[in-house]
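File shown: run_20.txt (compact mmCIF, C-alpha atoms).
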```
# COMPACT_ATOMS: atom_id res chain seq x y z
CA MET F 1 0.00 0.00 0.00
CA GLN F 2 1.32 3.43 -0.97
CA ILE F 3 1.99 6.04 1.73
CA ILE F 4 1.80 9.55 0.25
CA PRO F 5 3.01 12.51 2.32
CA VAL F 6 0.97 15.72 2.22
CA ILE F 7 1.89 19.39 2.30
CA ASP F 8 -0.65 22.20 2.49
CA LEU F 9 0.68 25.45 1.02
CA ARG F 10 -0.48 28.93 1.97
CA SER F 11 1.45 32.11 1.19
CA GLY F 12 4.44 30.06 0.12
CA VAL F 13 4.91 28.04 3.32
CA VAL F 14 3.67 24.71 4.66
CA VAL F 15 0.83 25.04 7.17
CA ARG F 16 -0.71 22.54 9.54
CA ALA F 17 -4.11 21.34 8.37
CA GLN F 18 -6.68 20.75 11.09
CA ALA F 19 -10.32 19.73 10.76
CA GLY F 20 -10.75 21.56 7.46
CA GLN F 21 -10.80 25.00 9.13
CA ARG F 22 -8.41 26.54 6.59
CA LYS F 23 -8.54 30.12 7.83
CA ASP F 24 -7.10 28.91 11.13
CA TYR F 25 -4.18 26.93 9.65
CA ARG F 26 -0.80 28.06 11.00
CA PRO F 27 2.78 27.37 9.83
CA ILE F 28 3.71 23.75 10.45
CA GLN F 29 5.87 22.75 13.39
CA SER F 30 7.49 19.47 12.43
CA LEU F 31 9.96 17.07 13.99
CA LEU F 32 11.35 16.59 10.48
CA ALA F 33 12.46 20.14 9.72
CA LYS F 34 13.50 23.34 11.47
CA THR F 35 11.28 25.62 9.36
CA CYS F 36 8.04 25.54 7.40
CA ASP F 37 9.86 25.99 4.08
CA PRO F 38 8.37 23.54 1.54
CA ILE F 39 11.73 22.31 0.24
CA GLU F 40 13.00 21.64 3.76
CA ILE F 41 9.77 19.85 4.71
CA VAL F 42 9.96 17.55 1.68
CA GLN F 43 13.61 16.83 2.46
CA GLY F 44 12.51 16.02 6.00
CA PHE F 45 10.06 13.43 4.72
CA PHE F 46 12.96 11.61 3.07
CA THR F 47 14.54 11.06 6.49
CA LEU F 48 11.67 8.62 7.13
CA GLY F 49 12.42 6.49 4.08
CA SER F 50 11.85 6.53 0.35
CA PHE F 51 8.64 7.60 -1.35
CA ASP F 52 7.76 8.47 -4.93
CA THR F 53 4.61 10.62 -4.68
CA LEU F 54 3.83 13.88 -2.86
CA TYR F 55 0.36 15.43 -2.47
CA ILE F 56 0.20 19.23 -2.51
CA ALA F 57 -2.88 21.28 -1.63
CA ASP F 58 -2.58 24.85 -2.88
CA LEU F 59 -4.84 26.44 -0.28
CA ASP F 60 -4.61 29.93 -1.74
CA ALA F 61 -5.85 28.64 -5.09
CA ILE F 62 -8.55 26.51 -3.46
CA MET F 63 -9.74 29.52 -1.45
CA GLN F 64 -9.44 31.80 -4.51
CA SER F 65 -6.99 34.15 -2.81
CA GLY F 66 -3.97 33.71 -5.08
CA ASP F 67 -1.87 30.62 -5.77
CA ASN F 68 1.46 28.93 -5.11
CA ARG F 69 2.41 28.06 -8.69
CA THR F 70 5.96 29.35 -8.28
CA VAL F 71 6.52 27.27 -5.15
CA ILE F 72 5.05 24.14 -6.75
CA ALA F 73 7.22 24.62 -9.83
CA ARG F 74 10.24 24.91 -7.54
CA ILE F 75 9.35 21.68 -5.73
CA SER F 76 8.98 19.97 -9.10
CA GLU F 77 12.39 21.25 -10.15
CA VAL F 78 14.21 20.28 -6.94
CA PHE F 79 12.57 16.83 -6.76
CA PRO F 80 12.16 15.79 -10.42
CA LYS F 81 11.75 12.09 -9.56
CA LEU F 82 8.76 12.77 -7.33
CA ARG F 83 5.27 12.46 -8.77
CA LEU F 84 3.35 15.50 -7.52
CA TRP F 85 -0.39 15.28 -6.98
CA VAL F 86 -1.52 18.91 -6.94
CA ASP F 87 -4.96 20.21 -5.95
CA PRO F 88 -5.18 23.80 -7.24
CA GLY F 89 -8.93 24.18 -6.67
CA LEU F 90 -9.93 23.77 -10.32
CA ARG F 91 -13.49 24.94 -10.91
CA HIS F 92 -13.90 23.89 -14.55
CA ALA F 93 -12.40 21.29 -16.88
CA LYS F 94 -11.16 24.05 -19.17
CA ASP F 95 -8.80 25.18 -16.41
CA PHE F 96 -7.00 21.83 -16.49
CA VAL F 97 -4.44 22.80 -19.13
CA ASP F 98 -3.51 26.05 -17.35
CA TRP F 99 -2.08 24.11 -14.41
CA ARG F 100 0.17 21.77 -16.39
CA LEU F 101 3.31 23.18 -14.80
CA ALA F 102 5.63 20.21 -15.33
CA LEU F 103 5.66 16.65 -16.64
CA ASN F 104 5.84 15.16 -13.14
CA ILE F 105 2.59 16.81 -11.99
CA ASP F 106 -0.78 15.04 -11.86
CA LEU F 107 -3.72 17.32 -11.11
CA VAL F 108 -6.25 16.57 -8.41
CA LEU F 109 -9.82 17.69 -9.06
CA GLY F 110 -11.52 18.36 -5.73
CA SER F 111 -15.27 17.85 -5.65
CA GLU F 112 -15.63 20.87 -3.35
CA SER F 113 -14.24 23.14 -6.08
CA LEU F 114 -15.91 21.75 -9.22
CA HIS F 115 -18.96 23.69 -10.34
CA ASP F 116 -20.37 21.31 -12.96
CA PRO F 117 -20.17 17.56 -12.29
CA PHE F 118 -20.48 16.77 -15.97
CA ASP F 119 -17.31 18.74 -16.64
CA LEU F 120 -15.67 15.42 -15.78
CA ASN F 121 -17.04 14.02 -19.04
CA ALA F 122 -14.99 16.62 -20.92
CA LEU F 123 -11.77 15.08 -19.62
CA ASP F 124 -10.13 12.02 -21.08
CA LYS F 125 -10.30 9.30 -18.42
CA GLY F 126 -6.84 8.23 -19.57
CA GLN F 127 -5.32 11.53 -18.48
CA ASP F 128 -3.20 11.61 -15.34
CA TYR F 129 -5.65 13.19 -12.94
CA ILE F 130 -7.20 12.17 -9.66
CA LEU F 131 -10.68 12.91 -8.35
CA SER F 132 -10.96 13.84 -4.68
CA LEU F 133 -14.33 13.11 -3.08
CA ASP F 134 -14.39 15.74 -0.33
CA PHE F 135 -16.39 15.48 2.89
CA LEU F 136 -16.78 17.72 5.92
CA GLY F 137 -18.43 15.71 8.66
CA SER F 138 -21.41 13.97 7.11
CA ASP F 139 -21.68 16.52 4.29
CA PHE F 140 -20.40 15.88 0.78
CA LEU F 141 -18.70 18.97 -0.60
CA GLY F 142 -19.58 19.60 -4.22
CA PRO F 143 -22.32 18.66 -6.68
CA MET F 144 -24.00 15.50 -5.42
CA GLN F 145 -23.88 13.89 -8.87
CA ILE F 146 -20.12 13.55 -8.51
CA LEU F 147 -20.67 11.25 -5.54
CA THR F 148 -23.68 9.32 -6.78
CA GLN F 149 -22.74 8.76 -10.44
CA ALA F 150 -19.71 6.50 -10.31
CA HIS F 151 -19.38 6.44 -14.11
CA LEU F 152 -17.95 9.98 -13.79
CA TRP F 153 -15.06 8.72 -11.66
CA PRO F 154 -11.56 8.33 -13.17
CA SER F 155 -9.22 5.47 -12.35
CA ARG F 156 -7.90 7.07 -9.15
CA LEU F 157 -9.97 8.44 -6.26
CA ILE F 158 -9.16 10.15 -2.98
CA VAL F 159 -11.67 9.94 -0.14
CA MET F 160 -10.90 13.19 1.70
CA THR F 161 -12.39 13.42 5.19
CA LEU F 162 -11.54 17.01 6.08
CA LYS F 163 -13.08 16.92 9.55
CA ASN F 164 -10.62 14.22 10.64
CA ILE F 165 -7.46 15.86 9.31
CA GLY F 166 -4.85 16.71 11.92
CA LEU F 167 -6.90 15.43 14.84
CA SER F 168 -5.70 11.80 15.11
CA ALA F 169 -9.37 10.85 15.01
CA GLY F 170 -8.91 7.83 12.77
CA PRO F 171 -10.17 7.40 9.20
CA ASP F 172 -13.87 7.41 8.37
CA TRP F 173 -14.09 3.64 8.02
CA ARG F 174 -17.75 3.45 7.06
CA ARG F 175 -17.47 5.99 4.27
CA LEU F 176 -14.31 4.36 2.92
CA GLU F 177 -15.97 0.97 2.94
CA LYS F 178 -18.94 2.32 1.00
CA ILE F 179 -16.86 4.05 -1.66
CA LEU F 180 -14.53 1.06 -2.03
CA ALA F 181 -17.59 -1.06 -2.74
CA SER F 182 -18.69 1.35 -5.50
CA ALA F 183 -15.26 1.95 -6.99
CA GLY F 184 -14.86 -1.35 -8.82
CA ASP F 185 -11.28 -1.74 -10.04
CA ARG F 186 -10.40 1.92 -9.40
CA SER F 187 -7.60 2.77 -6.98
CA VAL F 188 -8.92 4.41 -3.80
CA TYR F 189 -6.72 6.49 -1.48
CA ALA F 190 -7.78 7.43 2.04
CA ALA F 191 -7.08 10.89 3.48
CA GLY F 192 -7.72 12.20 6.96
CA GLY F 193 -7.25 10.90 10.49
CA VAL F 194 -4.58 8.21 10.11
CA ARG F 195 -2.95 7.69 13.52
CA GLY F 196 -0.37 4.97 13.03
CA GLU F 197 0.51 1.48 11.85
CA GLU F 198 -2.73 -0.18 12.93
CA ASP F 199 -4.81 2.19 10.81
CA LEU F 200 -2.58 1.48 7.81
CA ARG F 201 -2.93 -2.25 8.20
CA THR F 202 -6.71 -1.95 8.42
CA LEU F 203 -6.84 0.24 5.30
CA LYS F 204 -4.68 -2.24 3.41
CA ALA F 205 -6.95 -5.11 4.45
CA MET F 206 -9.98 -3.13 3.24
CA GLY F 207 -8.42 -2.79 -0.20
CA ALA F 208 -7.22 0.82 -0.18
CA ALA F 209 -4.48 1.45 -2.73
CA GLY F 210 -2.84 4.04 -0.53
CA VAL F 211 -3.18 6.71 2.10
CA LEU F 212 -2.41 10.44 2.32
CA VAL F 213 -0.66 11.33 5.58
CA ALA F 214 0.78 14.45 7.21
CA SER F 215 0.53 14.67 11.00
CA ALA F 216 1.63 11.10 11.73
CA LEU F 217 4.75 11.70 9.62
CA HIS F 218 5.59 15.06 11.17
CA GLN F 219 5.25 13.46 14.61
CA LYS F 220 7.42 10.49 13.53
CA LYS F 221 4.67 7.99 14.25
CA LEU F 222 5.08 6.43 10.81
CA SER F 223 7.78 5.74 8.25
CA PHE F 224 7.41 4.94 4.58
CA ASN F 225 8.43 1.33 5.17
CA THR F 226 5.65 0.61 7.65
CA VAL F 227 3.19 -1.12 5.32
CA ARG F 228 3.94 -2.30 1.82
```

Let me see whether you can do it: turn the structure in this file into structure tokens.
Amino acid sequence: MQIIPVIDLRSGVVVRAQAGQRKDYRPIQSLLAKTCDPIEIVQGFFTLGSFDTLYIADLDAIMQSGDNRTVIARISEVFPKLRLWVDPGLRHAKDFVDWRLALNIDLVLGSESLHDPFDLNALDKGQDYILSLDFLGSDFLGPMQILTQAHLWPSRLIVMTLKNIGLSAGPDWRRLEKILASAGDRSVYAAGGVRGEEDLRTLKAMGAAGVLVASALHQKKLSFNTVR
């Protein structure tokens, strides 16, 4: 099972995500790095082992208050062997091309940002993009058709439980189980609430292809060799 580290960018630095309350996010304090500089944080992740994919949430772009394109391009340049999954808060399929910053970037389409669910039909399912199904508590964020019409889903899905992020609350097992049952042969990645090795082993047993993690890595509760 793939363990994918996460960085949330705001105003050019890495911030600590907590319960989806983005306006309250503050610069990260990590055991892996002395500062909240994105390059230093990514280098810190490598002290925990090898990994080949990094998830980046551009919070300024998601919140429509600017973007971190320059920072993301720099990360891509410094770590060319990393596959970057970038959520830039795309609202329409036509915006997809504008965010093709480098060959090693795959774009994440967040359901909370998409305005028209059928925009997904305008994209080639063979393209390297990921759909994030975003939840805040029991509420699905985005047009409900994205959740209920599985034929719109690409080959890779993230189940993003924002309310659990940064709180060591554990994944939303019931929701993950339901989406895994609907996903068919698609790869499903869990995000939000992972506390340690036991959660990873449970997710692997459920059939998750991978997991997005931040806090447990920054606190050195996990390494990238924990579950394979």

For segment 196-210 of chain F, please output as an NGL selection string all residues within 8 Å (counting all atoms listed in the file; exclusion window: fewer than 6 positions along the same chain). :F and (1-4 or 170-171 or 177 or 180 or 187-190 or 216 or 221-222 or 226-227)

I'd like the interatomic distance between atom CA of Ala191 of chain F and atom CA of Ala93 of chain F, to a tenth of an Å. 23.5 Å

Under the rule that all atoms listed in the file are counted, which of F:Leu141, F:Ala17, F:Leu54, F:Cys36 is the nearest residue to Gly193 of chain F?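 Smallest separation from Gly193 of chain F among the options: F:Ala17.
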
Quick one: pull the distance between atom CA of Ser182 of chain F and atom CA of Leu157 of chain F, Å, one decimal. 11.3 Å

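A straight line drawn from atom CA of Met63 of chain F to atom CA of Pro154 of chain F is 24.3 Å long.
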
Could you tell me which of F:Leu217, F:Ile41, F:Val159, F:Val78 comes closest to Lys178 of chain F if we count only C-alpha atoms?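 Smallest distance to Lys178 of chain F is found for F:Val159.
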
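Proximity to Gly44 of chain F at 9 Å, evaluated using all atoms listed in the file and with sequence-adjacent residues fewer than 6 positions away removed, yields Ser30, Leu31, Leu32, Ala33 and His218 of chain F.
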
Surrounding residues of segment 128-133 of chain F excluding itself and chain neighbours under 6 positions, 9 Å, only C-alpha atoms, as number ranges by chain: F: 85, 87, 105-112, 140-142, 146-147, 153-161
